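Undergrad: See run-v6.pdb below, with PDB, C-alpha atoms.
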ATOM      1  CA  MET A   1     -51.422  78.334 -93.919  1.00  0.00           C
ATOM      2  CA  THR A   2     -50.840  81.882 -95.199  1.00  0.00           C
ATOM      3  CA  PHE A   3     -49.573  83.033 -91.806  1.00  0.00           C
ATOM      4  CA  GLN A   4     -47.189  80.073 -91.667  1.00  0.00           C
ATOM      5  CA  ILE A   5     -45.637  81.247 -94.927  1.00  0.00           C
ATOM      6  CA  VAL A   6     -45.413  84.816 -93.598  1.00  0.00           C
ATOM      7  CA  SER A   7     -43.698  83.630 -90.400  1.00  0.00           C
ATOM      8  CA  ILE A   8     -41.260  81.453 -92.376  1.00  0.00           C
ATOM      9  CA  ILE A   9     -40.340  84.398 -94.600  1.00  0.00           C
ATOM     10  CA  GLY A  10     -39.877  86.582 -91.517  1.00  0.00           C
ATOM     11  CA  ALA A  11     -37.669  84.008 -89.831  1.00  0.00           C
ATOM     12  CA  MET A  12     -35.621  83.560 -93.007  1.00  0.00           C
ATOM     13  CA  LEU A  13     -35.029  87.321 -93.228  1.00  0.00           C
ATOM     14  CA  MET A  14     -33.792  87.530 -89.628  1.00  0.00           C
ATOM     15  CA  LEU A  15     -31.684  84.389 -89.924  1.00  0.00           C
ATOM     16  CA  SER A  16     -30.122  85.558 -93.190  1.00  0.00           C
ATOM     17  CA  ALA A  17     -29.060  88.823 -91.519  1.00  0.00           C
ATOM     18  CA  PHE A  18     -27.623  86.914 -88.565  1.00  0.00           C
ATOM     19  CA  ALA A  19     -25.792  84.362 -90.728  1.00  0.00           C
ATOM     20  CA  ALA A  20     -24.405  87.054 -93.044  1.00  0.00           C
ATOM     21  CA  GLN A  21     -23.091  88.949 -90.043  1.00  0.00           C
ATOM     22  CA  GLU A  22     -21.542  85.824 -88.503  1.00  0.00           C
ATOM     23  CA  PHE A  23     -19.838  84.895 -91.795  1.00  0.00           C
ATOM     24  CA  LYS A  24     -18.502  88.464 -92.159  1.00  0.00           C
ATOM     25  CA  ARG A  25     -20.624  89.158 -95.243  1.00  0.00           C
ATOM     26  CA  LEU A  26     -22.666  91.943 -93.677  1.00  0.00           C
ATOM     27  CA  GLU A  27     -21.913  94.449 -90.937  1.00  0.00           C
ATOM     28  CA  PRO A  28     -24.522  95.166 -88.243  1.00  0.00           C
ATOM     29  CA  GLY A  29     -24.197  98.901 -88.869  1.00  0.00           C
ATOM     30  CA  THR A  30     -25.566  98.709 -92.408  1.00  0.00           C
ATOM     31  CA  ARG A  31     -29.017  99.536 -93.708  1.00  0.00           C
ATOM     32  CA  THR A  32     -29.349  96.091 -95.271  1.00  0.00           C
ATOM     33  CA  TYR A  33     -28.739  94.325 -91.957  1.00  0.00           C
ATOM     34  CA  GLN A  34     -31.177  96.554 -90.091  1.00  0.00           C
ATOM     35  CA  ILE A  35     -33.862  96.303 -92.795  1.00  0.00           C
ATOM     36  CA  LEU A  36     -33.630  92.504 -92.869  1.00  0.00           C
ATOM     37  CA  ASN A  37     -34.029  92.389 -89.088  1.00  0.00           C
ATOM     38  CA  LEU A  38     -36.856  94.914 -89.047  1.00  0.00           C
ATOM     39  CA  ALA A  39     -38.835  93.301 -91.874  1.00  0.00           C
ATOM     40  CA  GLY A  40     -38.346  89.795 -90.527  1.00  0.00           C
ATOM     41  CA  SER A  41     -39.236  90.616 -86.955  1.00  0.00           C
ATOM     42  CA  PHE A  42     -42.282  92.630 -88.036  1.00  0.00           C
ATOM     43  CA  LEU A  43     -43.606  89.719 -90.117  1.00  0.00           C
ATOM     44  CA  CYS A  44     -43.088  87.327 -87.197  1.00  0.00           C
ATOM     45  CA  PHE A  45     -44.701  89.857 -84.844  1.00  0.00           C
ATOM     46  CA  VAL A  46     -47.817  90.030 -87.027  1.00  0.00           C
ATOM     47  CA  THR A  47     -48.189  86.248 -87.084  1.00  0.00           C
ATOM     48  CA  ALA A  48     -47.675  86.097 -83.316  1.00  0.00           C
ATOM     49  CA  VAL A  49     -50.440  88.680 -82.813  1.00  0.00           C
ATOM     50  CA  VAL A  50     -52.827  86.719 -85.045  1.00  0.00           C
ATOM     51  CA  ASP A  51     -52.057  83.499 -83.135  1.00  0.00           C
ATOM     52  CA  ARG A  52     -52.102  85.286 -79.743  1.00  0.00           C
ATOM     53  CA  GLN A  53     -48.683  83.950 -78.805  1.00  0.00           C
ATOM     54  CA  TYR A  54     -47.829  86.481 -76.135  1.00  0.00           C
ATOM     55  CA  GLY A  55     -44.238  85.410 -75.577  1.00  0.00           C
ATOM     56  CA  PHE A  56     -43.487  85.785 -79.264  1.00  0.00           C
ATOM     57  CA  ILE A  57     -45.396  89.064 -79.402  1.00  0.00           C
ATOM     58  CA  LEU A  58     -43.020  90.366 -76.733  1.00  0.00           C
ATOM     59  CA  LEU A  59     -39.931  88.896 -78.417  1.00  0.00           C
ATOM     60  CA  GLU A  60     -40.683  89.909 -81.987  1.00  0.00           C
ATOM     61  CA  GLY A  61     -42.219  93.258 -81.041  1.00  0.00           C
ATOM     62  CA  SER A  62     -39.100  94.131 -79.055  1.00  0.00           C
ATOM     63  CA  TRP A  63     -36.872  92.891 -81.878  1.00  0.00           C
ATOM     64  CA  ALA A  64     -38.765  95.081 -84.363  1.00  0.00           C
ATOM     65  CA  LEU A  65     -38.491  98.152 -82.119  1.00  0.00           C
ATOM     66  CA  VAL A  66     -34.764  97.673 -81.570  1.00  0.00           C
ATOM     67  CA  SER A  67     -34.248  97.083 -85.295  1.00  0.00           C
ATOM     68  CA  ALA A  68     -36.233 100.215 -86.131  1.00  0.00           C
ATOM     69  CA  TRP A  69     -34.050 102.181 -83.716  1.00  0.00           C
ATOM     70  CA  GLY A  70     -30.916 100.707 -85.316  1.00  0.00           C
ATOM     71  CA  LEU A  71     -32.140 101.551 -88.801  1.00  0.00           C
ATOM     72  CA  TRP A  72     -32.944 105.097 -87.713  1.00  0.00           C
ATOM     73  CA  ARG A  73     -29.423 105.481 -86.290  1.00  0.00           C
ATOM     74  CA  VAL A  74     -27.853 104.179 -89.509  1.00  0.00           C
ATOM     75  CA  ILE A  75     -29.966 106.475 -91.696  1.00  0.00           C
ATOM     76  CA  ARG A  76     -29.339 109.470 -89.446  1.00  0.00           C
ATOM     77  CA  GLY A  77     -25.587 108.925 -89.595  1.00  0.00           C
ATOM     78  CA  PRO A  78     -23.004 110.100 -87.091  1.00  0.00           C
ATOM     79  CA  ARG A  79     -23.993 113.121 -85.086  1.00  0.00           C
ATOM     80  CA  GLN A  80     -21.792 116.175 -85.040  1.00  0.00           C
ATOM     81  CA  GLN A  81     -20.543 117.277 -81.648  1.00  0.00           C
ATOM     82  CA  LEU A  82     -20.721 120.957 -80.825  1.00  0.00           C
ATOM     83  CA  LEU A  83     -17.574 121.060 -78.690  1.00  0.00           C
TER      84      LEU A  83
END
Transcribe the structure of this file into structure tokens.

TA:
Amino acid sequence: MTFQIVSIIGAMLMLSAFAAQEFKRLEPGTRTYQILNLAGSFLCFVTAVVDRQYGFILLEGSWALVSAWGLWRVIRGPRQQLL
């Protein structure tokens, strides 16, 4: 039951980021958007690992990695060109 609650919270985090972006309340290039996606996908990834749901492990693990990359890019900011 505890892992069901964790997966529901994770799904709600990802869906809230998606809905906010679709309704023009949140831009994908913001920390908030990336953090919601990263936290949500990581929680769903953990529950998928516990339940040995390999398809969801792949999906949520990939989602978490891409979200982590996006968050890193947002935190890092625009790179300066040397030209």

Undergrad: Compile the contact shell of Thr47 of chain A as a list of chain:residue names: residues with an atom at most 12 Å away, counting only C-alpha atoms, same-chain residues fewer than 5 positions apart removed.

TA: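 Counting only C-alpha atoms, the residues come to A:Met1, A:Thr2, A:Phe3, A:Gln4, A:Ile5, A:Val6, A:Ser7, A:Ile8, A:Ile9, A:Gly10, A:Ala11, A:Gly40, A:Ser41, A:Phe42, A:Arg52, A:Gln53, A:Tyr54, A:Phe56, A:Ile57, A:Glu60, A:Gly61.
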
Undergrad: Can I get the selected residues back with C-alpha atoms, as a compact mmCIF listing (two decimals), in the frame of the given file?

TA:
# COMPACT_ATOMS: atom_id res chain seq x y z
CA MET A 1 -51.42 78.33 -93.92
CA THR A 2 -50.84 81.88 -95.20
CA PHE A 3 -49.57 83.03 -91.81
CA GLN A 4 -47.19 80.07 -91.67
CA ILE A 5 -45.64 81.25 -94.93
CA VAL A 6 -45.41 84.82 -93.60
CA SER A 7 -43.70 83.63 -90.40
CA ILE A 8 -41.26 81.45 -92.38
CA ILE A 9 -40.34 84.40 -94.60
CA GLY A 10 -39.88 86.58 -91.52
CA ALA A 11 -37.67 84.01 -89.83
CA GLY A 40 -38.35 89.80 -90.53
CA SER A 41 -39.24 90.62 -86.96
CA PHE A 42 -42.28 92.63 -88.04
CA ARG A 52 -52.10 85.29 -79.74
CA GLN A 53 -48.68 83.95 -78.81
CA TYR A 54 -47.83 86.48 -76.14
CA PHE A 56 -43.49 85.78 -79.26
CA ILE A 57 -45.40 89.06 -79.40
CA GLU A 60 -40.68 89.91 -81.99
CA GLY A 61 -42.22 93.26 -81.04

Undergrad: Translate the PyMOL selection byres ((chain A and resi 68) around 10), as applied to the file shown, into an explicit residue set as a list of chain:residue names.

TA: A:Gln34, A:Ile35, A:Asn37, A:Leu38, A:Ala39, A:Phe42, A:Ser62, A:Trp63, A:Ala64, A:Leu65, A:Val66, A:Ser67, A:Trp69, A:Gly70, A:Leu71, A:Trp72, A:Arg73, A:Val74

Undergrad: Between atom CA of Leu58 of chain A and atom CA of Met14 of chain A, what is the distance, to one decimal in Å?

TA: 16.1 Å

Undergrad: Around all listed atoms of segment 23-38 of chain A, padded 3 Å per side, what centre and edge lengths does the axis-aligned box have in Å to one decimal, as JSON?

TA:
{"center_x": -27.7, "center_y": 92.2, "center_z": -91.8, "size_x": 24.4, "size_y": 20.6, "size_z": 13.0}

Undergrad: Do you have the atom CA of Leu36 of chain A-atom CA of Leu13 of chain A distance handy?

TA: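 If I compute the distance from atom CA of Leu36 of chain A to atom CA of Leu13 of chain A, I get 5.4 Å.
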
Undergrad: Atom CA of Ala17 of chain A to atom CA of Val46 of chain A: how many Å, to one decimal?

TA: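 Separation between atom CA of Ala17 of chain A and atom CA of Val46 of chain A: 19.3 Å.
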